[in-house]
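Colleague: Okay, so here is entry.cif, and as you'll see once you scroll down, it has mmCIF, C-alpha atoms (C1' of nucleotides).
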data_input
#
loop_
_atom_site.group_PDB
_atom_site.id
_atom_site.type_symbol
_atom_site.label_atom_id
_atom_site.label_comp_id
_atom_site.auth_asym_id
_atom_site.auth_seq_id
_atom_site.Cartn_x
_atom_site.Cartn_y
_atom_site.Cartn_z
ATOM 1 C CA MET O 1 102.259 -126.383 -141.412
ATOM 2 C CA ASN O 2 104.417 -129.330 -140.425
ATOM 3 C CA ILE O 3 103.194 -132.138 -138.263
ATOM 4 C CA GLY O 4 105.046 -130.983 -135.174
ATOM 5 C CA ASP O 5 103.358 -127.591 -135.198
ATOM 6 C CA VAL O 6 99.957 -129.090 -135.891
ATOM 7 C CA ALA O 7 100.510 -131.499 -133.040
ATOM 8 C CA LYS O 8 101.144 -128.627 -130.671
ATOM 9 C CA HIS O 9 98.173 -126.612 -131.884
ATOM 10 C CA ALA O 10 95.805 -129.546 -131.888
ATOM 11 C CA GLY O 11 97.030 -131.015 -128.646
ATOM 12 C CA LEU O 12 97.580 -134.412 -130.213
ATOM 13 C CA PRO O 13 100.761 -136.497 -130.560
ATOM 14 C CA ALA O 14 102.254 -136.559 -134.058
ATOM 15 C CA LYS O 15 101.919 -140.349 -133.971
ATOM 16 C CA THR O 16 98.197 -140.002 -133.528
ATOM 17 C CA ILE O 17 97.908 -137.562 -136.395
ATOM 18 C CA ARG O 18 99.772 -139.901 -138.734
ATOM 19 C CA TYR O 19 97.473 -142.661 -137.590
ATOM 20 C CA TYR O 20 94.413 -140.541 -138.336
ATOM 21 C CA GLU O 21 95.723 -140.008 -141.825
ATOM 22 C CA ASP O 22 96.351 -143.736 -142.212
ATOM 23 C CA ILE O 23 92.766 -144.552 -141.417
ATOM 24 C CA GLY O 24 91.487 -141.782 -143.639
ATOM 25 C CA LEU O 25 90.196 -139.264 -141.120
ATOM 26 C CA ILE O 26 92.285 -136.503 -142.646
ATOM 27 C CA GLN O 27 94.088 -136.023 -145.961
ATOM 28 C CA PRO O 28 96.821 -133.446 -145.571
ATOM 29 C CA ASP O 29 98.787 -132.303 -148.620
ATOM 30 C CA ARG O 30 102.417 -133.215 -149.136
ATOM 31 C CA GLY O 31 105.295 -130.853 -149.774
ATOM 32 C CA THR O 32 107.988 -131.577 -152.370
ATOM 33 C CA ASN O 33 110.167 -132.970 -149.611
ATOM 34 C CA GLY O 34 107.543 -135.541 -148.694
ATOM 35 C CA TYR O 35 106.561 -133.747 -145.505
ATOM 36 C CA ARG O 36 102.872 -133.465 -144.688
ATOM 37 C CA ASP O 37 101.565 -129.961 -145.182
ATOM 38 C CA PHE O 38 98.542 -129.283 -143.012
ATOM 39 C CA SER O 39 95.930 -126.670 -143.836
ATOM 40 C CA GLU O 40 93.852 -124.690 -141.379
ATOM 41 C CA ASN O 41 90.991 -127.004 -142.182
ATOM 42 C CA ASP O 42 93.090 -130.030 -141.287
ATOM 43 C CA LEU O 43 93.887 -128.380 -137.994
ATOM 44 C CA HIS O 44 90.215 -127.756 -137.324
ATOM 45 C CA LYS O 45 89.406 -131.352 -138.051
ATOM 46 C CA LEU O 46 92.115 -132.555 -135.734
ATOM 47 C CA ARG O 47 90.837 -130.375 -132.935
ATOM 48 C CA PHE O 48 87.356 -131.673 -133.601
ATOM 49 C CA LEU O 49 88.664 -135.221 -133.414
ATOM 50 C CA GLY O 50 90.603 -134.524 -130.253
ATOM 51 C CA GLN O 51 87.526 -133.113 -128.608
ATOM 52 C CA ALA O 52 85.304 -135.993 -129.708
ATOM 53 C CA ARG O 53 87.855 -138.564 -128.581
ATOM 54 C CA SER O 54 88.191 -136.862 -125.207
ATOM 55 C CA LEU O 55 84.451 -137.322 -124.797
ATOM 56 C CA GLY O 56 84.985 -141.011 -125.367
ATOM 57 C CA PHE O 57 83.555 -141.325 -128.878
ATOM 58 C CA SER O 58 85.041 -144.239 -130.785
ATOM 59 C CA ILE O 59 87.071 -143.610 -133.902
ATOM 60 C CA GLU O 60 84.176 -144.836 -136.038
ATOM 61 C CA ASP O 61 81.813 -142.471 -134.246
ATOM 62 C CA CYS O 62 84.329 -139.729 -134.884
ATOM 63 C CA ARG O 63 84.380 -140.591 -138.552
ATOM 64 C CA ASP O 64 80.607 -140.280 -138.702
ATOM 65 C CA LEU O 65 80.538 -137.097 -136.652
ATOM 66 C CA LEU O 66 83.189 -135.545 -138.839
ATOM 67 C CA ALA O 67 81.175 -136.391 -141.945
ATOM 68 C CA LEU O 68 78.093 -134.802 -140.412
ATOM 69 C CA TYR O 69 80.167 -131.824 -139.366
ATOM 70 C CA GLU O 70 81.183 -131.259 -142.956
ATOM 71 C CA ASP O 71 77.737 -131.896 -144.342
ATOM 72 C CA LYS O 72 75.917 -128.606 -144.144
ATOM 73 C CA ASP O 73 72.668 -130.390 -145.021
ATOM 74 C CA ARG O 74 72.852 -132.781 -142.101
ATOM 75 C CA ALA O 75 69.980 -133.377 -139.728
ATOM 76 C CA SER O 76 70.848 -132.663 -136.132
ATOM 77 C CA ALA O 77 68.864 -135.799 -135.295
ATOM 78 C CA ASP O 78 71.686 -137.895 -136.734
ATOM 79 C CA VAL O 79 74.232 -136.253 -134.497
ATOM 80 C CA LYS O 80 71.976 -136.538 -131.494
ATOM 81 C CA HIS O 81 71.387 -140.202 -132.194
ATOM 82 C CA ILE O 82 75.088 -141.024 -132.208
ATOM 83 C CA THR O 83 75.584 -139.041 -129.045
ATOM 84 C CA GLU O 84 72.691 -140.679 -127.239
ATOM 85 C CA GLU O 85 73.942 -144.134 -128.068
ATOM 86 C CA HIS O 86 77.362 -143.188 -126.837
ATOM 87 C CA LEU O 87 75.870 -141.779 -123.669
ATOM 88 C CA GLU O 88 74.077 -145.045 -123.034
ATOM 89 C CA LYS O 89 77.297 -146.975 -123.392
ATOM 90 C CA ILE O 90 78.975 -144.657 -120.931
ATOM 91 C CA ASP O 91 76.126 -145.101 -118.511
ATOM 92 C CA SER O 92 76.347 -148.878 -118.617
ATOM 93 C CA LYS O 93 80.080 -148.704 -118.170
ATOM 94 C CA ILE O 94 79.667 -146.465 -115.144
ATOM 95 C CA THR O 95 77.069 -148.779 -113.661
ATOM 96 C CA GLU O 96 79.330 -151.763 -114.204
ATOM 97 C CA LEU O 97 82.313 -150.042 -112.637
ATOM 98 C CA GLN O 98 80.280 -148.884 -109.675
ATOM 99 C CA ALA O 99 79.192 -152.444 -108.993
ATOM 100 C CA MET O 100 82.828 -153.543 -109.046
ATOM 101 C CA ARG O 101 83.704 -150.612 -106.851
ATOM 102 C CA ARG O 102 81.161 -151.547 -104.207
ATOM 103 C CA THR O 103 82.385 -155.124 -103.988
ATOM 104 C CA LEU O 104 86.038 -154.137 -103.971
ATOM 105 C CA ALA O 105 85.497 -151.501 -101.307
ATOM 106 C CA HIS O 106 83.785 -154.042 -99.055
ATOM 107 C CA LEU O 107 86.574 -156.511 -99.560
ATOM 108 C CA VAL O 108 89.326 -154.005 -98.911
ATOM 109 C CA GLN O 109 87.585 -152.874 -95.794
ATOM 110 C CA ALA O 110 87.198 -156.447 -94.569
ATOM 111 C CA CYS O 111 90.840 -157.370 -95.097
ATOM 112 C CA ALA O 112 93.228 -156.864 -92.196
ATOM 113 C CA GLY O 113 96.143 -156.192 -94.510
ATOM 114 C CA ASP O 114 98.743 -157.512 -92.128
ATOM 115 C CA ASP O 115 101.335 -160.276 -92.319
ATOM 116 C CA ARG O 116 98.875 -163.060 -91.590
ATOM 117 C CA PRO O 117 97.568 -165.210 -94.435
ATOM 118 C CA ASP O 118 93.848 -165.001 -93.674
ATOM 119 C CA CYS O 119 92.264 -162.871 -96.349
ATOM 120 C CA PRO O 120 88.590 -162.235 -97.048
ATOM 121 C CA ILE O 121 89.495 -160.995 -100.509
ATOM 122 C CA LEU O 122 90.993 -164.305 -101.561
ATOM 123 C CA ALA O 123 88.178 -166.101 -99.786
ATOM 124 C CA ASP O 124 85.686 -164.189 -101.867
ATOM 125 C CA LEU O 125 87.525 -164.825 -105.112
ATOM 126 C CA ALA O 126 87.719 -168.504 -104.275
ATOM 127 C CA THR O 127 84.012 -168.724 -103.658
ATOM 128 C CA ALA O 128 82.486 -170.563 -106.568
ATOM 129 C CA ARG O 129 79.828 -168.544 -108.268
ATOM 130 C CA ALA O 130 79.330 -170.130 -111.645
ATOM 131 C CA ASP O 131 78.114 -173.685 -111.726
ATOM 132 C CA PRO O 132 74.542 -173.699 -112.965
ATOM 133 C CA ALA O 133 75.277 -176.935 -114.807
ATOM 134 C CA MET L 1 87.214 -183.475 -117.334
ATOM 135 C CA ASN L 2 87.199 -182.151 -120.891
ATOM 136 C CA ILE L 3 87.342 -178.483 -121.722
ATOM 137 C CA GLY L 4 83.672 -178.231 -122.613
ATOM 138 C CA ASP L 5 82.557 -179.458 -119.224
ATOM 139 C CA VAL L 6 85.025 -177.277 -117.400
ATOM 140 C CA ALA L 7 83.816 -174.317 -119.436
ATOM 141 C CA LYS L 8 80.266 -174.940 -118.266
ATOM 142 C CA HIS L 9 81.228 -175.420 -114.648
ATOM 143 C CA ALA L 10 83.543 -172.442 -114.557
ATOM 144 C CA GLY L 11 81.299 -170.172 -116.575
ATOM 145 C CA LEU L 12 84.078 -169.329 -119.024
ATOM 146 C CA PRO L 13 84.311 -169.881 -122.797
ATOM 147 C CA ALA L 14 86.582 -172.735 -123.855
ATOM 148 C CA LYS L 15 88.570 -170.227 -125.896
ATOM 149 C CA THR L 16 89.313 -168.265 -122.776
ATOM 150 C CA ILE L 17 90.426 -171.363 -120.918
ATOM 151 C CA ARG L 18 92.843 -172.293 -123.705
ATOM 152 C CA TYR L 19 94.129 -168.753 -123.625
ATOM 153 C CA TYR L 20 94.689 -168.969 -119.865
ATOM 154 C CA GLU L 21 96.712 -172.099 -120.416
ATOM 155 C CA ASP L 22 98.714 -170.397 -123.166
ATOM 156 C CA ILE L 23 99.738 -167.595 -120.855
ATOM 157 C CA GLY L 24 100.512 -170.010 -118.047
ATOM 158 C CA LEU L 25 97.701 -169.340 -115.609
ATOM 159 C CA ILE L 26 96.764 -173.019 -115.518
ATOM 160 C CA GLN L 27 98.535 -176.247 -116.507
ATOM 161 C CA PRO L 28 95.973 -178.954 -117.136
ATOM 162 C CA ASP L 29 97.118 -182.511 -117.868
ATOM 163 C CA ARG L 30 96.743 -184.094 -121.269
ATOM 164 C CA GLY L 31 95.060 -187.394 -122.059
ATOM 165 C CA THR L 32 96.543 -189.902 -124.505
ATOM 166 C CA ASN L 33 94.317 -188.459 -127.221
ATOM 167 C CA GLY L 34 95.808 -185.006 -126.745
ATOM 168 C CA TYR L 35 92.737 -183.652 -125.027
ATOM 169 C CA ARG L 36 93.209 -181.454 -121.986
ATOM 170 C CA ASP L 37 92.253 -183.226 -118.784
ATOM 171 C CA PHE L 38 91.244 -180.785 -116.070
ATOM 172 C CA SER L 39 91.456 -181.575 -112.377
ATOM 173 C CA GLU L 40 89.223 -180.230 -109.634
ATOM 174 C CA ASN L 41 92.030 -177.873 -108.727
ATOM 175 C CA ASP L 42 92.138 -176.541 -112.282
ATOM 176 C CA LEU L 43 88.431 -175.922 -112.061
ATOM 177 C CA HIS L 44 88.849 -174.046 -108.781
ATOM 178 C CA LYS L 45 91.532 -171.887 -110.312
ATOM 179 C CA LEU L 46 89.362 -171.110 -113.300
ATOM 180 C CA ARG L 47 86.484 -170.067 -111.076
ATOM 181 C CA PHE L 48 88.885 -167.922 -109.087
ATOM 182 C CA LEU L 49 90.101 -166.306 -112.290
ATOM 183 C CA GLY L 50 86.570 -165.764 -113.548
ATOM 184 C CA GLN L 51 85.614 -164.072 -110.333
ATOM 185 C CA ALA L 52 88.720 -161.873 -110.274
ATOM 186 C CA ARG L 53 88.263 -160.901 -113.918
ATOM 187 C CA SER L 54 84.631 -160.032 -113.310
ATOM 188 C CA LEU L 55 85.828 -157.615 -110.640
ATOM 189 C CA GLY L 56 87.981 -155.989 -113.277
ATOM 190 C CA PHE L 57 91.395 -157.238 -112.171
ATOM 191 C CA SER L 58 93.880 -157.385 -115.025
ATOM 192 C CA ILE L 59 95.318 -160.708 -116.093
ATOM 193 C CA GLU L 60 98.611 -159.802 -114.457
ATOM 194 C CA ASP L 61 96.808 -158.952 -111.233
ATOM 195 C CA CYS L 62 95.046 -162.284 -111.525
ATOM 196 C CA ARG L 63 98.354 -164.046 -111.902
ATOM 197 C CA ASP L 64 99.611 -162.414 -108.712
ATOM 198 C CA LEU L 65 96.394 -163.054 -106.837
ATOM 199 C CA LEU L 66 96.414 -166.677 -107.890
ATOM 200 C CA ALA L 67 99.982 -167.052 -106.653
ATOM 201 C CA LEU L 68 99.013 -165.515 -103.327
ATOM 202 C CA TYR L 69 95.955 -167.728 -103.204
ATOM 203 C CA GLU L 70 98.156 -170.782 -103.501
ATOM 204 C CA ASP L 71 100.764 -169.513 -101.077
ATOM 205 C CA LYS L 72 99.553 -170.459 -97.649
ATOM 206 C CA ASP L 73 102.274 -168.287 -96.094
ATOM 207 C CA ARG L 74 101.115 -165.144 -97.873
ATOM 208 C CA ALA L 75 100.551 -161.867 -96.055
ATOM 209 C CA SER L 76 97.050 -160.546 -96.484
ATOM 210 C CA ALA L 77 98.671 -157.113 -96.858
ATOM 211 C CA ASP L 78 99.903 -158.154 -100.301
ATOM 212 C CA VAL L 79 96.432 -159.058 -101.420
ATOM 213 C CA LYS L 80 94.979 -155.912 -99.958
ATOM 214 C CA HIS L 81 97.604 -153.816 -101.686
ATOM 215 C CA ILE L 82 96.774 -155.182 -105.110
ATOM 216 C CA THR L 83 93.098 -154.699 -104.459
ATOM 217 C CA GLU L 84 93.496 -151.135 -103.242
ATOM 218 C CA GLU L 85 95.487 -150.162 -106.294
ATOM 219 C CA HIS L 86 92.855 -151.712 -108.488
ATOM 220 C CA LEU L 87 90.151 -149.870 -106.613
ATOM 221 C CA GLU L 88 91.935 -146.589 -107.201
ATOM 222 C CA LYS L 89 92.095 -147.251 -110.919
ATOM 223 C CA ILE L 90 88.407 -148.009 -110.960
ATOM 224 C CA ASP L 91 87.696 -144.819 -109.100
ATOM 225 C CA SER L 92 89.619 -142.696 -111.572
ATOM 226 C CA LYS L 93 87.896 -144.402 -114.441
ATOM 227 C CA ILE L 94 84.505 -143.713 -112.902
ATOM 228 C CA THR L 95 85.403 -140.090 -112.329
ATOM 229 C CA GLU L 96 86.571 -139.741 -115.911
ATOM 230 C CA LEU L 97 83.427 -141.343 -117.289
ATOM 231 C CA GLN L 98 81.191 -139.206 -115.122
ATOM 232 C CA ALA L 99 82.826 -136.078 -116.473
ATOM 233 C CA MET L 100 82.164 -137.285 -120.028
ATOM 234 C CA ARG L 101 78.653 -138.194 -119.013
ATOM 235 C CA ARG L 102 77.896 -134.723 -117.717
ATOM 236 C CA THR L 103 79.105 -133.036 -120.883
ATOM 237 C CA LEU L 104 77.344 -135.480 -123.165
ATOM 238 C CA ALA L 105 74.082 -135.189 -121.243
ATOM 239 C CA HIS L 106 74.186 -131.399 -121.567
ATOM 240 C CA LEU L 107 74.861 -131.636 -125.264
ATOM 241 C CA VAL L 108 72.134 -134.159 -125.916
ATOM 242 C CA GLN L 109 69.675 -132.064 -124.005
ATOM 243 C CA ALA L 110 70.657 -128.954 -125.953
ATOM 244 C CA CYS L 111 70.282 -130.578 -129.377
ATOM 245 C CA ALA L 112 66.918 -130.341 -131.075
ATOM 246 C CA GLY L 113 67.418 -133.632 -132.847
ATOM 247 C CA ASP L 114 65.286 -132.710 -135.827
ATOM 248 C CA ASP L 115 65.933 -132.465 -139.556
ATOM 249 C CA ARG L 116 67.615 -129.091 -139.359
ATOM 250 C CA PRO L 117 71.391 -128.840 -139.521
ATOM 251 C CA ASP L 118 71.972 -126.609 -136.489
ATOM 252 C CA CYS L 119 73.552 -128.716 -133.813
ATOM 253 C CA PRO L 120 75.061 -127.648 -130.480
ATOM 254 C CA ILE L 121 76.851 -130.971 -130.262
ATOM 255 C CA LEU L 122 78.845 -130.352 -133.416
ATOM 256 C CA ALA L 123 79.313 -126.771 -132.380
ATOM 257 C CA ASP L 124 80.856 -127.922 -129.136
ATOM 258 C CA LEU L 125 83.121 -130.449 -130.819
ATOM 259 C CA ALA L 126 84.248 -127.807 -133.264
ATOM 260 C CA THR L 127 85.140 -125.403 -130.497
ATOM 261 C CA ALA L 128 88.870 -125.276 -130.296
ATOM 262 C CA ARG L 129 90.126 -126.168 -126.883
ATOM 263 C CA ALA L 130 93.771 -127.014 -127.317
ATOM 264 C CA ASP L 131 96.060 -124.260 -128.508
ATOM 265 C CA PRO L 132 98.276 -123.174 -125.670
ATOM 266 C CA ALA L 133 101.113 -122.719 -128.135
ATOM 267 C "C1'" DC R 1 81.727 -200.540 -142.164
ATOM 268 C "C1'" DA R 2 80.930 -195.923 -143.649
ATOM 269 C "C1'" DT R 3 79.477 -191.811 -142.041
ATOM 270 C "C1'" DA R 4 77.698 -187.951 -139.642
ATOM 271 C "C1'" DA R 5 77.419 -185.233 -135.462
ATOM 272 C "C1'" DG R 6 79.562 -183.205 -131.879
ATOM 273 C "C1'" DG R 7 83.383 -183.071 -129.251
ATOM 274 C "C1'" DG R 8 88.454 -181.870 -129.238
ATOM 275 C "C1'" DT R 9 93.275 -179.807 -131.291
ATOM 276 C "C1'" DT R 10 96.496 -176.077 -133.312
ATOM 277 C "C1'" DC R 11 97.413 -171.912 -135.545
ATOM 278 C "C1'" DC R 12 96.516 -167.479 -137.703
ATOM 279 C "C1'" DA R 13 94.044 -163.213 -138.160
ATOM 280 C "C1'" DG R 14 91.345 -159.474 -136.244
ATOM 281 C "C1'" DT R 15 89.844 -156.373 -132.618
ATOM 282 C "C1'" DT R 16 90.963 -150.759 -130.422
ATOM 283 C "C1'" DA R 17 93.673 -146.796 -130.810
ATOM 284 C "C1'" DC R 18 97.461 -145.910 -130.750
ATOM 285 C "C1'" DA R 19 102.998 -145.982 -128.721
ATOM 286 C "C1'" DG R 20 107.837 -147.255 -129.277
ATOM 287 C "C1'" DG R 21 111.595 -147.732 -131.995
ATOM 288 C "C1'" DA R 22 114.650 -148.539 -136.009
ATOM 289 C "C1'" DA R 23 116.569 -146.842 -140.319
ATOM 290 C "C1'" DG R 24 117.016 -143.151 -142.993
ATOM 291 C "C1'" DG R 25 115.894 -138.488 -145.577
ATOM 292 C "C1'" DT R 26 115.706 -133.050 -144.809
ATOM 293 C "C1'" DC R 27 116.695 -128.589 -143.161
ATOM 294 C "C1'" DA R 28 118.730 -124.606 -140.736
ATOM 295 C "C1'" DA R 29 122.625 -123.041 -138.097
ATOM 296 C "C1'" DG R 30 127.450 -122.572 -136.960
ATOM 297 C "C1'" DC I 1 130.563 -130.110 -143.123
ATOM 298 C "C1'" DT I 2 128.532 -131.554 -139.363
ATOM 299 C "C1'" DT I 3 125.238 -131.467 -135.781
ATOM 300 C "C1'" DG I 4 120.696 -131.567 -134.075
ATOM 301 C "C1'" DA I 5 116.062 -131.276 -134.678
ATOM 302 C "C1'" DC I 6 112.850 -132.290 -137.640
ATOM 303 C "C1'" DC I 7 110.469 -135.397 -140.844
ATOM 304 C "C1'" DT I 8 109.494 -140.090 -143.348
ATOM 305 C "C1'" DT I 9 108.018 -145.239 -143.516
ATOM 306 C "C1'" DC I 10 107.633 -149.694 -141.598
ATOM 307 C "C1'" DC I 11 107.372 -153.167 -138.048
ATOM 308 C "C1'" DT I 12 106.250 -154.636 -133.487
ATOM 309 C "C1'" DG I 13 103.621 -154.610 -129.252
ATOM 310 C "C1'" DT I 14 99.724 -153.593 -126.279
ATOM 311 C "C1'" DA I 15 94.907 -156.453 -123.525
ATOM 312 C "C1'" DA I 16 92.306 -160.084 -123.487
ATOM 313 C "C1'" DC I 17 90.352 -162.414 -125.910
ATOM 314 C "C1'" DT I 18 87.082 -163.980 -130.401
ATOM 315 C "C1'" DG I 19 86.317 -166.084 -134.907
ATOM 316 C "C1'" DG I 20 87.517 -169.204 -138.194
ATOM 317 C "C1'" DA I 21 90.074 -172.664 -140.868
ATOM 318 C "C1'" DA I 22 91.874 -177.225 -141.141
ATOM 319 C "C1'" DC I 23 92.128 -181.308 -138.997
ATOM 320 C "C1'" DC I 24 91.751 -185.302 -135.322
ATOM 321 C "C1'" DC I 25 88.798 -188.259 -131.884
ATOM 322 C "C1'" DT I 26 84.686 -190.528 -130.317
ATOM 323 C "C1'" DT I 27 80.287 -192.367 -130.405
ATOM 324 C "C1'" DA I 28 75.972 -193.607 -132.439
ATOM 325 C "C1'" DT I 29 73.458 -195.156 -136.290
ATOM 326 C "C1'" DG I 30 71.919 -197.208 -140.888
#
For this file, produce the structure as structure tokens.
Modeller:
Amino acid sequence: MNIGDVAKHAGLPAKTIRYYEDIGLIQPDRGTNGYRDFSENDLHKLRFLGQARSLGFSIEDCRDLLALYEDKDRASADVKHITEEHLEKIDSKITELQAMRRTLAHLVQACAGDDRPDCPILADLATARADPA
Amino acid sequence: MNIGDVAKHAGLPAKTIRYYEDIGLIQPDRGTNGYRDFSENDLHKLRFLGQARSLGFSIEDCRDLLALYEDKDRASADVKHITEEHLEKIDSKITELQAMRRTLAHLVQACAGDDRPDCPILADLATARADPA
DNA sequence: CATAAGGGTTCCAGTTACAGGAAGGTCAAG
DNA sequence: CTTGACCTTCCTGTAACTGGAACCCTTATG
């Protein structure tokens, strides 16, 4: 299978697939013409990677997950551990964004948004916050 | 004021301040020894930038906000517009992360996390999702 | 006066996960 | 034979810094 077909079937851009090969996530064969020749297993891996990436796992997490996926003697605890750590990161990110969201929503609501220069948003940004020294 | 002092007062790393000068957000003077010499106004700008960045505004947004901040003839509508667009981006990001969160939480909860190889997380990742072709 | 500590300076590389684009080889069809 | 749609590699750029090397300036101290 050529890269274009694999891309369609895996739902990933060809650029991304080449990149995944570059960083050693997959090792497709090569035809005599130099074209990559993807196996069914390569396709499975790429789908796996696409799914993991869409859940926000980092490439390095994906590398580890893929290794566990192919290790039939793995312990599910290892997979769970990676996933839990990832979940925690997502949670902190959500919390952080929600805090920003609250502040921004207040500011937007407080700003007239007309042609006058008075602006609570700029006033807030200009308010010094850091100067413990 | 030297960069170290400004860094303390603004709550930003010196590296970041140099970077902000590089990309033209601030233009501190230079002393005869080549050291940057920051004015009170520079410090205000840096605090402004720190605050805007902590609310998740991009550097380019910050550049625009800073220009509006210094333009006493600005229209608050311009500021509000930037902020609303930023708020929308934050909202989509939150929504996206919450979707990941839900899936990940289900998977974590379904995984035994012991020394056996059976793992619903890997099973889910391995489940082909993209193949509309 | 030499030196050592603690500033400051520039510049270059690395980070994340690709995307865009140039230059050029390959293949099937008309 | 040429055209168009593939494929290849390689280089650059993205965002917003961070780390580190190599080197200069200043001040205090023995």
Colleague: What's the 10 Å shell around segment 2-10 of chain I, counting only C-alpha atoms (C1' of nucleotides), without same-chain residues fewer than 6 positions away, as a PyMOL selection string?
Modeller: (chain O and resi 2-4+33-36) or (chain R and resi 22-30)
Colleague: Show me as a list in words the residues that reach within 12 Å of (82.8, -196.3, -143.2), counting all atoms listed in the file and using the file's own coordinates.
Modeller: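 Result, sorted by chain then residue number: DC1, DA2, DT3 and DA4 of chain R; DT29 and DG30 of chain I.
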Colleague: Taking only C-alpha atoms (C1' of nucleotides) into account, find every residue of chain L that has an atom no more than 9 Å from chain I, and write it out as a list of chain:residue names.
Modeller: L:Lys15, L:Thr16, L:Tyr19, L:Asn33, L:Ser58, L:Ile59
Colleague: Quick one: which residues from chain R are at most 8 Å off chain O, using all atoms listed in the file, as a PyMOL selection string?
Modeller: chain R and resi 17-19+26
Colleague: Take the PyMOL selection byres ((chain L) within 7 of (chain O)), run it mentally on this structure, and tell me the resulting residues as a ChimeraX atom specification.
Modeller: /L:8-11,47-48,51-52,55,69,72-77,80,83-84,87,90,94,97,100-101,104,108,111-119,122,125-126,128,130-131,133
Colleague: In Å, with one decimal, what is the gap from atom C1' of DG20 of chain R to atom CA of Ala14 of chain O?
Modeller: 13.0 Å
Colleague: Would you mind reading off the distance between atom C1' of DT9 of chain R and atom CA of Met1 of chain L, one decimal, in Å?
Modeller: 15.7 Å
Colleague: Could you jot down the atom CA of Ile23 of chain L to atom CA of Glu85 of chain L separation for me, Å, one decimal place?
Modeller: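 Between atom CA of Ile23 of chain L and atom CA of Glu85 of chain L the gap is 23.1 Å.
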